[in-house]
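Here the structure is laid out as structure tokens; the discussion comes afterwards.
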Amino acid sequence: MSLSSRQASLQSSPQAAPPDPTSHALVPYGWDEGWAAEFAPHAERGLVPGRVVRVDRGQCDLVTAEGLVRADTAFVTPHDPLRVICTGDWAAVDAGGNPRYVREYLPRRTAFVRSTSSQRSEGQILAANVDHAIIAVSLAVELDLGRIERFLALAWESGAQPLVVLTKADLVPDPIGLSYLVQDVETAAPGVQVLAVSSNTGEGVEALAAIVGDGTSVLLGASGAGKSTLANALLGEDVMAVQATRDVDGKGRHTTTIRNLLLLPGGGVLIDTPGLRGVGLYDAGSGVEQVFSEIEELAEGCRFHDCAHESEPGCAVLAALADGTLPERRLDSYRKLLRENRRIVAKTDARLRTELLKDWKRKAAEGRRAAQVKGRDR
């Protein structure tokens, strides 16, 4: 057959239809048309897609169309800790071979990042491509609204939709008392749904399962918050190990020591994380604004656009504080998180460092002048 004949034959034969992303084996894990389009260039190189279910010492487990595989991450281990591969990432992995390697990962839609405890204030990514950020808070101990606000700031900043789950609701048998606790958290979490849940009695579990049944959810909270018990309730079986909390302070040991991605029976996937002792902000300015949206709205009515809400005339925030509309605790928490976030950002932003230094010097000078005036008045 001549070359022209072969070409004519190829043109007349039906072309193979591209694979349908909605029928892909990874759809239960969140695969969709958007991810398929992002992955197309990697497919042309003979790579296959997989979702990272856990990362451990330079290697990771990924779920692929052929099942669970183990791959080395040496090719995606940059110096920037925010660019290392993470649970929840969609990755391009070798089609075969031993060992297998992750060659690249797809751009993240969302990422939950906190500041580490190092002096360099590096960011640590906890989970990627998350739709719902579930903040588990135990009712076995006194509510720490400031800590909840801190978690919420990081959750909003990540791009995920936050959800506060008050666990161990069976420890508050009085329905009225429980409703007051829910209202307290709702005040600290504008625009966020708050659910009271008991893994022991099943209260609220069905409602939570309906929410997380669509998309990817990450489970966050301090040790002893009941995250592993809650994960088991959503999974319908005891997959995660559970340890008893201390009777003295309601705190628990780290039951979960590594981030795992788990397929939920009712749909959706869940990323369980270790208990977080420290929850440092990391460039979460917009997240803080979202958590304290009522203060941001009040600030629009201030006389000066750069009002610091401290002693300026015509400050709408201070006026709301004076008439009781704005609780003092909320304003104190807002100021604290803003200061912390500015310090974190300033460590990598020379211009902001200069501005902060000028601000600190100005306040110090004002303090000295006030002290001198006070001394003369005596």
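Ordering of the structure tokens sets the chain letters (A, B, ...), residue numbers begin anew at 1 in every chain, and ligands are numbered from 1 in the order given.
The neighbours of A:Thr77 here are the residues that come within 12 Å of it, using only C-alpha atoms and leaving out any residue fewer than 5 positions away in the same chain; they are Val55, Arg57, Gly58, Gln59, Cys60, Asp72, Leu82, Arg83, Val84, Ile85, Cys86, Tyr101, Val102, Arg103, Glu104 and Tyr105 of chain A.
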* Residue neighbourhood stretch 261-274 of chain A, 9 Å, only C-alpha atoms, exclusion window fewer than 2 positions, as a PyMOL selection string -> chain A and resi 28-30+51-54+87-88+126-127+130+209-210+212-223+227-228+231+234-236+254-259+276
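Closest approach to A:Leu68 from the set A:Val164, A:Tyr334, A:Gly50, A:Ala225 is made by A:Gly50, with distances taken over only C-alpha atoms.
Atom pair atom CA of A:Thr201 / atom CA of A:Asp184 has a distance of 23.0 Å (rounded to one decimal).
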* Using DSSP on the backbone coordinates, identify the residues of stretch 126-291 of chain A assigned to helix (DSSP H, G or I); present them as a PyMOL selection string. => chain A and resi 145-158+169-171+175-188+205-212+227-235+285-291
* Structure fact -> Separating atom CA of A:Ala308 from atom CA of A:Ser286, to the nearest tenth of an Å, is a gap of 16.9 Å
* Output as a count of residues only all residues of stretch 102-224 of chain A that backbone DSSP marks as strand (DSSP E). => 38
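Pairwise distance (atom CA of A:Asp283, atom CA of A:Arg342) equals 7.8 Å.
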Within 7 Å of A:Gln161 using only C-alpha atoms, minus same-chain residues under 2 positions, as a tab-separated table (two decimals) with all heavy atoms, in the first residue's frame:
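Writing done, so here's result.tsv:
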```
chain	number	residue	atom	x	y	z
A	131	ASP	N	-11.77	20.73	50.05
A	131	ASP	CA	-13.00	21.51	49.87
A	131	ASP	C	-13.60	21.95	51.21
A	131	ASP	O	-14.14	23.04	51.32
A	131	ASP	CB	-14.04	20.67	49.11
A	131	ASP	CG	-13.55	20.24	47.75
A	131	ASP	OD1	-13.34	21.12	46.90
A	131	ASP	OD2	-13.35	19.03	47.55
A	132	HIS	N	-13.49	21.09	52.23
A	132	HIS	CA	-14.05	21.38	53.55
A	132	HIS	C	-12.96	21.23	54.61
A	132	HIS	O	-12.25	20.21	54.62
A	132	HIS	CB	-15.20	20.43	53.90
A	132	HIS	CG	-16.25	20.31	52.84
A	132	HIS	ND1	-17.17	21.30	52.59
A	132	HIS	CD2	-16.51	19.33	51.94
A	132	HIS	CE1	-17.96	20.92	51.60
A	132	HIS	NE2	-17.57	19.74	51.18
A	133	ALA	N	-12.83	22.23	55.48
A	133	ALA	CA	-11.89	22.15	56.60
A	133	ALA	C	-12.71	21.97	57.87
A	133	ALA	O	-13.37	22.90	58.35
A	133	ALA	CB	-11.04	23.42	56.68
A	156	TRP	N	-9.99	29.64	56.25
A	156	TRP	CA	-10.45	30.58	55.22
A	156	TRP	C	-9.32	30.90	54.24
A	156	TRP	O	-9.53	31.00	53.03
A	156	TRP	CB	-10.96	31.86	55.86
A	156	TRP	CG	-12.34	31.81	56.44
A	156	TRP	CD1	-12.70	32.06	57.73
A	156	TRP	CD2	-13.56	31.53	55.74
A	156	TRP	NE1	-14.06	31.94	57.89
A	156	TRP	CE2	-14.63	31.61	56.68
A	156	TRP	CE3	-13.87	31.20	54.42
A	156	TRP	CZ2	-15.95	31.39	56.34
A	156	TRP	CZ3	-15.19	30.97	54.08
A	156	TRP	CH2	-16.22	31.07	55.02
A	159	GLY	N	-8.62	28.48	51.28
A	159	GLY	CA	-9.53	28.41	50.15
A	159	GLY	C	-10.63	27.39	50.35
A	159	GLY	O	-11.55	27.28	49.53
A	163	LEU	N	-15.79	24.37	58.71
A	163	LEU	CA	-16.92	23.81	59.43
A	163	LEU	C	-16.43	23.46	60.83
A	163	LEU	O	-15.41	22.79	60.97
A	163	LEU	CB	-17.44	22.55	58.72
A	163	LEU	CG	-18.41	21.66	59.49
A	163	LEU	CD1	-19.75	22.37	59.68
A	163	LEU	CD2	-18.62	20.33	58.75
```
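The nearest approach to A:Ala160 among the residues A:Val113, A:Val194, A:Ala189, A:Leu178, with only C-alpha atoms taken into account, belongs to A:Val113.
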* Asked: Skipping near chain neighbours, those fewer than 2 positions away, what residues fall within 12 Å of A:Thr167 using only C-alpha atoms, listed as a count of residues only?
  -> 42
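With only C-alpha atoms as the basis for measurement, A:Thr325 is the residue among A:Ser311, A:Ser158, A:Gln183, A:Thr325 that approaches A:Leu298 most closely.
Across A:Arg114, A:His309, A:Lys336, A:Arg100, the tightest approach to A:Tyr282 is made by A:Arg114 when counting only C-alpha atoms.
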